[in-house]
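So this block is coords.cif, mmCIF, C-alpha atoms and all ligand atoms:
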```cif
data_data
loop_
_atom_site.label_atom_id
_atom_site.label_comp_id
_atom_site.auth_asym_id
_atom_site.auth_seq_id
_atom_site.Cartn_x
_atom_site.Cartn_y
_atom_site.Cartn_z
CA MET O 1 45.93 87.33 -116.13
CA SER O 2 44.66 88.57 -119.50
CA THR O 3 41.29 87.42 -120.80
CA SER O 4 42.90 85.50 -123.65
CA SER O 5 45.16 83.45 -121.38
CA THR O 6 42.21 82.79 -119.04
CA MET O 7 40.30 81.51 -122.05
CA ARG O 8 43.23 79.37 -123.07
CA TYR O 9 43.46 77.77 -119.63
CA TRP O 10 39.72 77.23 -119.62
CA ARG O 11 39.86 75.51 -123.01
CA GLN O 12 42.77 73.34 -121.89
CA TYR O 13 40.84 72.43 -118.77
CA ARG O 14 37.74 71.57 -120.81
CA SER O 15 39.77 69.42 -123.21
CA ILE O 16 40.50 66.97 -120.36
CA PRO O 17 37.72 64.33 -120.36
CA ILE O 18 35.22 64.99 -117.58
CA VAL O 19 35.74 61.62 -115.89
CA TYR O 20 39.41 62.39 -115.34
CA ARG O 21 38.58 65.84 -113.97
CA ILE O 22 36.08 64.25 -111.57
CA GLY O 23 38.65 61.59 -110.67
CA ALA O 24 41.15 64.36 -109.91
CA ALA O 25 38.54 66.24 -107.85
CA PHE O 26 37.93 63.04 -105.89
CA VAL O 27 41.62 62.67 -105.06
CA LEU O 28 42.26 66.37 -104.40
CA GLY O 29 39.08 66.77 -102.33
CA SER O 30 40.06 63.75 -100.23
CA LEU O 31 43.57 65.13 -99.68
CA PHE O 32 42.14 68.54 -98.85
CA GLY O 33 39.78 67.00 -96.29
CA LEU O 34 42.64 65.02 -94.74
CA ALA O 35 44.84 68.11 -94.53
CA VAL O 36 42.23 70.53 -93.20
CA GLY O 37 40.22 68.20 -91.00
CA ASP O 38 36.85 69.12 -89.53
CA PRO O 39 36.53 72.65 -91.05
CA ALA O 40 36.40 70.98 -94.50
CA THR O 41 32.87 69.80 -93.65
CA ARG O 42 31.75 73.40 -94.29
CA LEU O 43 32.06 72.63 -98.00
CA GLN O 44 29.13 70.22 -97.67
CA PRO O 45 26.52 72.60 -99.23
CA LEU O 46 28.54 72.69 -102.47
CA GLY O 47 28.29 68.90 -102.55
CA ASP O 48 24.60 69.03 -101.69
CA LEU O 49 24.02 71.24 -104.72
CA PHE O 50 25.50 68.54 -106.97
CA VAL O 51 23.18 66.00 -105.38
CA ARG O 52 20.12 68.21 -105.92
CA LEU O 53 21.04 68.74 -109.56
CA LEU O 54 21.20 64.98 -110.06
CA SER O 55 17.90 64.30 -108.32
CA MET O 56 16.23 66.90 -110.53
CA LEU O 57 16.91 64.67 -113.53
CA ILE O 58 15.73 61.31 -112.23
CA ILE O 59 12.07 61.22 -113.20
CA PRO O 60 12.46 62.91 -116.63
CA ILE O 61 15.30 60.53 -117.54
CA VAL O 62 13.23 57.47 -116.61
CA VAL O 63 10.26 58.59 -118.66
CA PHE O 64 12.13 59.77 -121.74
CA THR O 65 14.60 56.90 -122.01
CA LEU O 66 12.18 54.06 -121.33
CA VAL O 67 9.43 55.29 -123.65
CA MET O 68 12.06 55.86 -126.32
CA GLY O 69 13.55 52.41 -125.66
CA ALA O 70 10.18 50.78 -126.39
CA ARG O 71 10.43 52.09 -129.95
CA ARG O 72 13.34 49.71 -130.50
CA LEU O 73 11.40 46.81 -128.99
CA SER O 74 8.71 47.03 -131.66
CA PRO O 75 6.47 43.94 -131.42
CA SER O 76 7.32 42.59 -134.90
CA SER O 77 11.05 42.52 -134.18
CA LEU O 78 10.18 40.38 -131.18
CA GLY O 79 9.71 37.20 -133.18
CA LYS O 80 11.09 33.86 -132.00
CA ILE O 81 14.74 34.92 -132.00
CA GLY O 82 13.87 38.29 -130.48
CA GLY O 83 11.87 36.64 -127.71
CA GLN O 84 14.75 34.31 -126.86
CA VAL O 85 17.26 37.15 -126.86
CA VAL O 86 15.17 39.44 -124.65
CA MET O 87 14.34 36.62 -122.22
CA LEU O 88 18.00 35.64 -121.85
CA TYR O 89 19.07 39.26 -121.52
CA ALA O 90 16.61 39.75 -118.65
CA ILE O 91 17.56 36.48 -116.88
CA THR O 92 21.32 37.07 -117.09
CA SER O 93 20.95 40.66 -115.85
CA ALA O 94 18.88 39.45 -112.89
CA PHE O 95 21.59 36.87 -112.07
CA ALA O 96 24.13 39.68 -112.26
CA VAL O 97 22.30 41.75 -109.63
CA PHE O 98 21.98 38.69 -107.37
CA ILE O 99 25.74 38.14 -107.64
CA GLY O 100 26.36 41.85 -107.00
CA LEU O 101 24.19 41.74 -103.90
CA ALA O 102 25.77 38.49 -102.69
CA VAL O 103 29.29 39.87 -103.04
CA GLY O 104 28.14 43.12 -101.42
CA ASN O 105 26.66 41.24 -98.46
CA LEU O 106 29.81 39.16 -98.16
CA LEU O 107 32.38 41.94 -98.31
CA ASN O 108 30.23 44.75 -96.91
CA PRO O 109 32.00 47.61 -98.70
CA GLY O 110 31.28 50.99 -97.15
CA THR O 111 31.47 49.97 -93.52
CA GLY O 112 33.63 52.36 -91.58
CA LEU O 113 32.53 55.38 -93.60
CA GLU O 114 29.83 57.60 -92.13
CA LEU O 115 28.00 60.40 -93.84
CA THR O 116 28.65 63.84 -92.40
CA ASP O 117 24.94 64.42 -91.92
CA ALA O 118 23.41 61.00 -92.26
CA GLU O 119 19.97 61.93 -93.46
CA SER O 120 18.87 58.46 -94.40
CA GLN O 121 15.91 57.04 -92.63
CA GLU O 122 16.06 53.65 -90.99
CA ALA O 123 13.82 51.86 -93.44
CA GLU O 124 11.12 49.70 -91.91
CA ALA O 125 10.81 46.42 -93.73
CA PRO O 126 8.08 46.78 -96.34
CA ASP O 127 5.80 43.87 -97.01
CA ILE O 128 6.74 41.90 -100.15
CA VAL O 129 3.15 41.90 -101.43
CA GLU O 130 3.00 45.66 -101.01
CA VAL O 131 6.28 46.09 -102.87
CA PHE O 132 4.93 44.17 -105.86
CA LEU O 133 1.56 45.92 -105.77
CA GLY O 134 3.41 49.22 -105.44
CA ILE O 135 5.01 48.66 -108.85
CA VAL O 136 1.69 49.53 -110.44
CA PRO O 137 0.86 53.20 -109.86
CA GLU O 138 -2.68 54.14 -108.91
CA ASN O 139 -1.95 57.49 -110.44
CA PRO O 140 1.09 57.78 -112.73
CA ILE O 141 1.27 61.56 -112.44
CA ALA O 142 1.29 61.34 -108.63
CA ALA O 143 4.00 58.66 -108.81
CA MET O 144 6.13 60.97 -110.95
CA SER O 145 5.55 64.05 -108.83
CA GLU O 146 6.41 62.14 -105.66
CA GLY O 147 9.55 60.74 -107.29
CA ASN O 148 8.43 57.11 -106.96
CA VAL O 149 10.79 55.39 -109.32
CA LEU O 150 9.41 51.88 -109.67
CA PRO O 151 5.81 52.82 -110.59
CA THR O 152 7.16 55.49 -112.94
CA ILE O 153 9.33 52.89 -114.68
CA PHE O 154 6.33 50.57 -114.97
CA PHE O 155 4.10 53.23 -116.49
CA ALA O 156 6.80 54.43 -118.90
CA ILE O 157 7.35 50.90 -120.22
CA VAL O 158 3.64 50.15 -120.61
CA PHE O 159 3.05 53.49 -122.33
CA GLY O 160 6.05 52.96 -124.64
CA LEU O 161 4.95 49.46 -125.63
CA ALA O 162 1.40 50.67 -126.35
CA LEU O 163 2.83 53.37 -128.60
CA ALA O 164 5.04 50.81 -130.37
CA MET O 165 2.01 48.57 -130.98
CA LEU O 166 -0.01 51.47 -132.39
CA GLN O 167 2.87 52.41 -134.62
CA GLU O 168 2.90 48.92 -136.03
CA GLU O 169 -0.85 48.53 -136.42
CA LEU O 170 -1.52 51.83 -138.17
CA ASP O 171 -0.11 52.59 -141.60
CA GLU O 172 -1.04 56.23 -141.68
CA GLY O 173 -3.41 58.78 -140.21
CA ASP O 174 -3.41 61.27 -137.37
CA VAL O 175 -2.87 58.71 -134.61
CA ARG O 176 0.12 57.18 -136.35
CA ARG O 177 1.64 60.62 -136.88
CA GLY O 178 0.90 61.44 -133.26
CA VAL O 179 2.70 58.29 -132.10
CA GLU O 180 5.75 59.17 -134.14
CA THR O 181 5.69 62.70 -132.78
CA ILE O 182 5.57 61.39 -129.21
CA PHE O 183 8.49 59.07 -129.88
CA ASP O 184 10.42 61.95 -131.46
CA ILE O 185 9.66 64.17 -128.48
CA MET O 186 10.81 61.45 -126.07
CA GLU O 187 14.01 61.00 -128.06
CA ALA O 188 14.65 64.74 -128.03
CA GLY O 189 13.77 64.87 -124.34
CA ALA O 190 16.22 62.08 -123.54
CA GLU O 191 18.97 63.79 -125.55
CA ALA O 192 18.26 67.05 -123.72
CA MET O 193 18.41 65.27 -120.34
CA PHE O 194 21.77 63.75 -121.19
CA LYS O 195 23.00 67.21 -122.24
CA ILE O 196 21.93 68.46 -118.82
CA VAL O 197 23.64 65.49 -117.18
CA TRP O 198 26.93 66.47 -118.77
CA GLY O 199 26.39 70.05 -117.64
CA VAL O 200 25.75 68.80 -114.12
CA MET O 201 28.90 66.68 -114.35
CA GLU O 202 30.87 69.85 -115.19
CA TYR O 203 29.68 71.22 -111.87
CA GLY O 204 30.34 67.76 -110.41
CA VAL O 205 34.06 68.59 -110.41
CA ILE O 206 33.35 71.10 -107.65
CA GLY O 207 30.59 68.96 -106.10
CA VAL O 208 32.75 65.84 -105.81
CA PHE O 209 35.66 67.86 -104.43
CA ALA O 210 33.37 69.28 -101.74
CA LEU O 211 31.77 65.93 -100.88
CA MET O 212 35.11 64.18 -100.56
CA ALA O 213 36.64 67.03 -98.57
CA ALA O 214 33.72 66.85 -96.13
CA VAL O 215 33.93 63.05 -95.82
CA PHE O 216 37.68 62.88 -95.31
CA GLY O 217 37.62 66.02 -93.18
CA GLN O 218 35.43 64.14 -90.77
CA ALA O 219 36.56 60.52 -91.13
CA GLY O 220 40.30 60.96 -91.74
CA VAL O 221 42.40 58.26 -93.42
CA ASP O 222 39.95 55.57 -92.32
CA ALA O 223 37.78 56.56 -95.28
CA ILE O 224 40.23 55.12 -97.84
CA VAL O 225 39.48 51.48 -97.04
CA PRO O 226 35.75 51.58 -97.96
CA PHE O 227 36.53 52.87 -101.47
CA ALA O 228 39.22 50.26 -102.02
CA MET O 229 36.71 47.66 -100.84
CA LEU O 230 34.12 48.93 -103.29
CA ILE O 231 36.51 48.57 -106.22
CA PHE O 232 37.51 45.11 -105.03
CA ALA O 233 33.87 44.07 -104.58
CA VAL O 234 32.92 45.15 -108.11
CA ALA O 235 36.00 43.40 -109.54
CA LEU O 236 35.12 40.20 -107.69
CA ALA O 237 31.46 40.29 -108.74
CA VAL O 238 32.43 40.91 -112.38
CA THR O 239 34.86 37.99 -112.32
CA ILE O 240 32.30 35.64 -110.76
CA HIS O 241 29.57 36.69 -113.19
CA ILE O 242 31.69 36.29 -116.32
CA ALA O 243 33.24 33.02 -115.11
CA VAL O 244 30.10 31.36 -113.73
CA ILE O 245 27.24 32.71 -115.83
CA HIS O 246 28.77 33.65 -119.19
CA LEU O 247 31.60 31.15 -119.53
CA GLY O 248 30.48 28.26 -117.32
CA GLY O 249 26.69 28.40 -117.53
CA ILE O 250 26.07 29.68 -121.03
CA ILE O 251 29.10 28.73 -123.15
CA ALA O 252 30.32 25.50 -121.54
CA LEU O 253 27.02 24.08 -120.25
CA LEU O 254 24.26 25.32 -122.56
CA VAL O 255 26.24 25.88 -125.76
CA GLY O 256 28.62 22.99 -125.04
CA GLU O 257 31.65 24.77 -126.46
CA SER O 258 34.95 25.99 -125.14
CA PRO O 259 34.98 29.11 -122.94
CA ARG O 260 38.54 29.64 -124.18
CA GLY O 261 37.40 29.74 -127.80
CA PHE O 262 34.70 32.23 -126.79
CA LEU O 263 37.12 34.47 -124.93
CA ILE O 264 39.66 34.44 -127.74
CA GLY O 265 36.87 35.17 -130.21
CA GLY O 266 35.57 38.15 -128.27
CA LYS O 267 38.84 39.50 -126.93
CA GLU O 268 39.02 42.60 -129.17
CA ALA O 269 35.50 43.61 -128.16
CA LEU O 270 36.20 42.98 -124.46
CA ILE O 271 39.42 44.99 -124.55
CA THR O 272 37.76 47.83 -126.47
CA ALA O 273 34.94 47.95 -123.91
CA LEU O 274 37.49 48.07 -121.12
CA SER O 275 39.28 50.96 -122.79
CA ILE O 276 36.45 53.14 -124.06
CA ARG O 277 33.75 52.37 -121.44
CA SER O 278 30.97 52.34 -124.00
CA SER O 279 28.89 49.40 -125.24
CA SER O 280 27.59 51.45 -128.16
CA GLY O 281 31.06 52.62 -129.13
CA THR O 282 32.29 49.02 -128.99
CA LEU O 283 29.43 47.73 -131.14
CA PRO O 284 31.31 47.62 -134.49
CA VAL O 285 34.08 45.56 -132.86
CA THR O 286 31.56 43.29 -131.09
CA MET O 287 29.82 42.65 -134.41
CA SER O 288 33.02 41.93 -136.23
CA ASN O 289 34.08 39.47 -133.49
CA ALA O 290 30.71 37.71 -133.74
CA GLU O 291 30.97 37.46 -137.53
CA ASN O 292 34.63 36.63 -138.05
CA ASN O 293 35.80 34.91 -134.88
CA LEU O 294 32.70 33.34 -133.38
CA GLN O 295 31.20 32.49 -136.79
CA ILE O 296 27.72 33.62 -135.83
CA ASP O 297 25.19 34.28 -138.57
CA GLU O 298 24.15 37.85 -139.28
CA SER O 299 20.48 36.91 -138.88
CA VAL O 300 21.05 36.66 -135.13
CA TYR O 301 23.80 39.09 -134.22
CA SER O 302 22.56 41.97 -136.41
CA PHE O 303 19.51 42.07 -134.14
CA SER O 304 20.87 40.88 -130.80
CA LEU O 305 24.06 42.93 -130.56
CA PRO O 306 22.70 46.44 -131.27
CA LEU O 307 19.78 45.63 -128.97
CA GLY O 308 22.17 44.24 -126.34
CA ALA O 309 24.37 47.35 -126.49
CA THR O 310 21.39 49.40 -125.34
CA ILE O 311 19.24 47.12 -123.20
CA ASN O 312 21.46 44.30 -121.93
CA MET O 313 23.86 45.46 -119.27
CA ASP O 314 24.83 42.73 -116.86
CA GLY O 315 27.75 44.74 -115.51
CA THR O 316 25.68 47.88 -115.02
CA ALA O 317 22.92 45.93 -113.27
CA MET O 318 25.40 44.08 -111.06
CA TYR O 319 27.13 47.29 -110.06
CA GLN O 320 23.81 48.66 -108.78
CA GLY O 321 23.61 45.65 -106.46
CA VAL O 322 27.10 46.15 -105.04
CA VAL O 323 26.65 49.91 -104.65
CA ALA O 324 23.25 49.47 -102.98
CA ILE O 325 24.99 47.57 -100.18
CA PHE O 326 27.83 50.10 -100.12
CA ALA O 327 25.28 52.93 -99.83
CA ALA O 328 23.29 51.20 -97.10
CA ASN O 329 26.47 50.65 -95.09
CA ILE O 330 27.50 54.28 -95.43
CA ALA O 331 24.05 55.38 -94.36
CA GLY O 332 24.20 52.97 -91.45
CA VAL O 333 21.12 50.93 -92.40
CA SER O 334 20.78 47.33 -93.48
CA LEU O 335 18.68 46.34 -96.43
CA THR O 336 15.92 43.82 -95.86
CA ILE O 337 15.45 40.87 -98.21
CA THR O 338 12.45 42.62 -99.73
CA GLU O 339 14.47 45.74 -100.35
CA GLN O 340 17.22 43.69 -101.95
CA LEU O 341 14.64 42.07 -104.23
CA THR O 342 13.45 45.56 -105.13
CA VAL O 343 17.05 46.37 -106.06
CA VAL O 344 17.02 43.42 -108.48
CA ALA O 345 13.87 44.71 -110.20
CA ILE O 346 15.03 48.32 -110.45
CA ALA O 347 18.60 47.45 -111.41
CA VAL O 348 17.46 45.27 -114.31
CA LEU O 349 15.02 47.91 -115.55
CA ALA O 350 17.48 50.76 -114.99
CA SER O 351 20.09 48.88 -117.00
CA VAL O 352 17.54 48.61 -119.83
CA GLY O 353 17.04 52.38 -119.72
CA ALA O 354 20.76 53.14 -119.53
CA ALA O 355 22.41 54.15 -122.79
CA GLY O 356 25.58 52.26 -123.69
CA VAL O 357 27.85 55.24 -123.18
CA PRO O 358 30.38 56.02 -120.44
CA GLY O 359 29.01 56.79 -117.02
CA THR O 360 25.28 56.17 -117.51
CA GLY O 361 25.34 53.42 -114.88
CA LEU O 362 26.24 56.12 -112.36
CA ILE O 363 23.22 58.21 -113.33
CA MET O 364 20.94 55.17 -113.12
CA LEU O 365 22.25 54.60 -109.61
CA THR O 366 20.13 57.57 -108.55
CA LEU O 367 17.04 55.45 -109.29
CA VAL O 368 18.10 52.62 -106.98
CA LEU O 369 19.12 54.99 -104.18
CA THR O 370 15.91 57.01 -104.44
CA GLN O 371 13.77 53.89 -104.30
CA LEU O 372 15.61 52.68 -101.21
CA GLY O 373 15.43 56.07 -99.51
CA LEU O 374 19.24 56.22 -99.37
CA PRO O 375 21.11 59.53 -99.67
CA LEU O 376 21.96 60.58 -103.22
CA GLU O 377 25.25 61.97 -101.95
CA ILE O 378 26.59 58.49 -102.52
CA VAL O 379 26.49 59.12 -106.26
CA GLY O 380 29.04 61.86 -105.64
CA PHE O 381 31.27 59.49 -103.65
CA VAL O 382 31.11 56.76 -106.24
CA ALA O 383 31.67 59.25 -109.09
CA GLY O 384 35.32 59.59 -108.12
CA VAL O 385 36.08 55.91 -108.62
CA ASP O 386 33.55 55.44 -111.41
CA PRO O 387 36.07 55.54 -114.29
CA ILE O 388 37.53 52.31 -112.87
CA LEU O 389 34.17 50.67 -112.12
CA ASP O 390 32.72 51.70 -115.49
CA ARG O 391 35.48 49.86 -117.36
CA MET O 392 34.74 46.65 -115.51
CA ARG O 393 30.99 46.87 -115.97
CA THR O 394 31.17 47.78 -119.68
CA MET O 395 33.38 44.75 -120.33
CA THR O 396 30.85 42.58 -118.50
CA ASN O 397 28.03 44.12 -120.58
CA ILE O 398 29.79 43.13 -123.81
CA SER O 399 30.64 39.64 -122.57
CA GLY O 400 26.93 39.16 -121.76
CA ASP O 401 25.81 40.36 -125.21
CA LEU O 402 28.19 37.96 -126.94
CA ALA O 403 27.39 34.97 -124.70
CA VAL O 404 23.61 35.31 -125.16
CA THR O 405 24.06 35.87 -128.90
CA THR O 406 26.10 32.66 -129.15
CA LEU O 407 23.46 30.65 -127.30
CA VAL O 408 20.54 31.99 -129.35
CA ALA O 409 22.57 31.36 -132.52
CA LYS O 410 23.10 27.76 -131.43
CA TRP O 411 19.40 27.27 -130.69
CA ASN O 412 18.59 28.57 -134.17
CA HIS O 413 21.37 26.73 -136.01
CA ALA O 414 22.97 30.03 -136.93
CA VAL O 415 26.57 29.45 -135.85
CA ASP O 416 29.44 27.40 -137.25
CA PHE O 417 31.39 25.77 -134.42
CA THR O 418 33.76 24.11 -136.89
CA GLY O 419 35.38 27.42 -137.77
CA GLY O 420 36.75 30.62 -136.30
CA THR O 421 38.16 30.63 -132.79
CA TRP O 422 36.09 27.60 -131.76
CA VAL O 423 38.46 25.26 -133.58
CA GLY O 424 41.11 23.63 -131.43
CA ASN O 425 39.43 24.86 -128.25
CA GLU O 426 36.99 22.02 -127.50
CA ALA O 427 35.33 22.11 -124.10
CA PRO O 428 36.18 19.08 -122.00
CA GLY O 429 33.29 16.64 -122.33
CA ALA O 430 31.31 19.07 -124.46
CA ALA O 431 28.18 17.73 -126.08
CA PRO O 432 28.51 17.49 -129.87
CA THR O 433 26.55 20.17 -131.67
CA ASP O 434 24.33 19.54 -134.62
CA ASP O 435 25.48 22.57 -136.60
N1 LIG U 501 29.42 52.46 -119.77
C1 LIG U 501 28.44 51.42 -119.75
C2 LIG U 501 28.23 50.87 -121.14
O1 LIG U 501 28.38 51.57 -122.10
C3 LIG U 501 27.15 51.86 -119.19
C4 LIG U 501 27.35 52.19 -117.73
O2 LIG U 501 27.76 53.30 -117.41
O3 LIG U 501 27.14 51.29 -116.90
O4 LIG U 501 27.93 49.73 -121.30
#
```

Re-express the file's structure as structure tokens.
Ligand code: ASP
Amino acid sequence: MSTSSTMRYWRQYRSIPIVYRIGAAFVLGSLFGLAVGDPATRLQPLGDLFVRLLSMLIIPIVVFTLVMGARRLSPSSLGKIGGQVVMLYAITSAFAVFIGLAVGNLLNPGTGLELTDAESQEAEAPDIVEVFLGIVPENPIAAMSEGNVLPTIFFAIVFGLALAMLQEELDEGDVRRGVETIFDIMEAGAEAMFKIVWGVMEYGVIGVFALMAAVFGQAGVDAIVPFAMLIFAVALAVTIHIAVIHLGGIIALLVGESPRGFLIGGKEALITALSIRSSSGTLPVTMSNAENNLQIDESVYSFSLPLGATINMDGTAMYQGVVAIFAANIAGVSLTITEQLTVVAIAVLASVGAAGVPGTGLIMLTLVLTQLGLPLEIVGFVAGVDPILDRMRTMTNISGDLAVTTLVAKWNHAVDFTGGTWVGNEAPGAAPTDD
């Protein structure tokens, strides 16, 4: 083959979005493993390389993204409305992880699939007091070098908030310039890390092929069921969360309006999220739905929706809960209550750090797995079905942003329920609103 036709094939290959190439590697690797059987497990080191590349990025990503995120949470933007928005974002995300864990415990996805070289340790149940004390690092540098995720997250947030406060207090001077430089460096660092992530994902095509070949080479057709169960579990958890928390709890109960009116009002944003798998990419549509259909005032949504697209990710947080159970089952361990509570804390914080672009939830999964001492190989397994899971979680993220925005708008008399898609969709027995 001539060099020019090789280049042409290479360019054609690269023009296919990476998630589809990884999806194809997942399917082909599985088929290869099924066809070849046990010898396919020799490909395992190629999969291990993918896992090592991912683990290399964990600590830098946590530090860069969370410190940078604090810049957006500058103390003055956290006035009354900001406080309400952030509080509700945190509470709904925590509910989402609880639902994810509950569905995971109920359906137990992942049972029946064993790792080729199960390297996970049977975790002894840590004491709850120790877990909470352990969030605060005695030495942040040691926490980072040992790859302790939770204390690293804690330090990054505290450091970021302190920088944001300094930025606000000081008008000029060396310190102020220094703070801005640090923020700029963190932003550049985060961008660089995501560049590396995409490079790693390019290799992931080979890595996922190898991982799946090894799994199916050893487990045979029995390995299909756990993946189908994982997709079903995420779909069920998403449905429960949107129906119970967003529509039932927030819109019908607290706002006192019709869930139908809300869904019709946000349908373009929800469908866009489902198609493009990006909260940030969907943002213009989400804002236009809030303004035109849900009749929410700009004073609320102009702050809450851009913030929500980056820090509020119910679907992403919930997915971490389901996959934590999936991972524990594959590794043949069961998670204690304390460990599951740790998942709630990390999943909420990881979803804050995750950017609203396709696939970041998968990268953040490395944090949860590392904290639980579960094998990172699972990221490679989940990567193959991630395009499907990502759609569901991004739609849930957007539904959460819109639901919280509607409630805060109601609390602040910044929504008109007599117009837009609310009209003709009264909730049965809904309390009259004073707007
Ligand atoms: N794709 C998601 C979003 O943009 C983030 C994730 O991967 O979970 O909201």

Contact check, chain O to ligand LIG 501 (chain U), at most 9 Å, counting all atoms listed in the file, closest pairs as CSV:
```
residue,atom,partner,partner_atom,distance
O:Ala273,CA,U:LIG501,O4,7.7
O:Ile276,CA,U:LIG501,N1,8.3
O:Arg277,CA,U:LIG501,N1,4.6
O:Ser278,CA,U:LIG501,O1,3.3
O:Ser279,CA,U:LIG501,O1,3.9
O:Ser280,CA,U:LIG501,O1,6.1
O:Gly281,CA,U:LIG501,O1,7.6
O:Thr282,CA,U:LIG501,O1,8.3
O:Ala309,CA,U:LIG501,O4,6.7
O:Thr310,CA,U:LIG501,O4,7.7
O:Asn312,CA,U:LIG501,O4,8.5
O:Met313,CA,U:LIG501,O4,6.2
O:Asp314,CA,U:LIG501,O4,8.9
O:Gly315,CA,U:LIG501,O3,6.7
O:Thr316,CA,U:LIG501,O3,4.2
O:Ala317,CA,U:LIG501,O3,7.7
O:Tyr319,CA,U:LIG501,O3,7.9
O:Ser351,CA,U:LIG501,O3,7.5
O:Ala354,CA,U:LIG501,C3,6.5
O:Ala355,CA,U:LIG501,C3,6.4
O:Gly356,CA,U:LIG501,O1,3.3
O:Val357,CA,U:LIG501,O1,3.9
O:Pro358,CA,U:LIG501,N1,3.7
O:Gly359,CA,U:LIG501,O2,3.7
O:Thr360,CA,U:LIG501,O2,3.8
O:Gly361,CA,U:LIG501,O3,3.4
O:Leu362,CA,U:LIG501,O2,6.0
O:Ile363,CA,U:LIG501,O2,7.8
O:Met364,CA,U:LIG501,O3,8.2
O:Asp386,CA,U:LIG501,O2,8.6
O:Leu389,CA,U:LIG501,O3,8.5
O:Asp390,CA,U:LIG501,N1,5.5
O:Arg391,CA,U:LIG501,N1,7.0
O:Met392,CA,U:LIG501,N1,9.0
O:Arg393,CA,U:LIG501,O3,5.9
O:Thr394,CA,U:LIG501,O4,4.1
O:Met395,CA,U:LIG501,O4,7.4
O:Thr396,CA,U:LIG501,O4,8.2
O:Asn397,CA,U:LIG501,O4,5.7
O:Ile398,CA,U:LIG501,O4,7.3
```

Nearest residue to Ser275 (chain O) from the set O:Ala35, O:Ala243, O:Ile388, O:Met144 (distances using only C-alpha atoms):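 Nearest to Ser275 (chain O): O:Ile388.
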
Hey, what's within 12 Å of Ile264 (chain O) if we count all atoms listed in the file and toss same-chain stuff fewer than 4 positions away? As a PyMOL selection string, please? chain O and resi 247+258-260+268-271+289-290+292-294+399+420-425

Please provide the set of residues having any atom within 12 Å of region 205-211 of chain O, restricted to only C-alpha atoms, with same-chain residues fewer than 3 positions apart removed, written as number ranges by chain. O: 13-14, 16-33, 39-54, 115-117, 198-202, 214-218, 376-386

Identify which of the residues O:Val63, O:Ile311, O:Val408, O:Pro226 lies closest to Val149 (chain O), counting only C-alpha atoms when measuring atom-to-atom distances. O:Val63

Using only C-alpha atoms, which of O:Val255, O:Leu106, O:Ile157, O:Leu307 sits nearest Val415 (chain O)?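 Closest residue, counting only C-alpha atoms: O:Val255.
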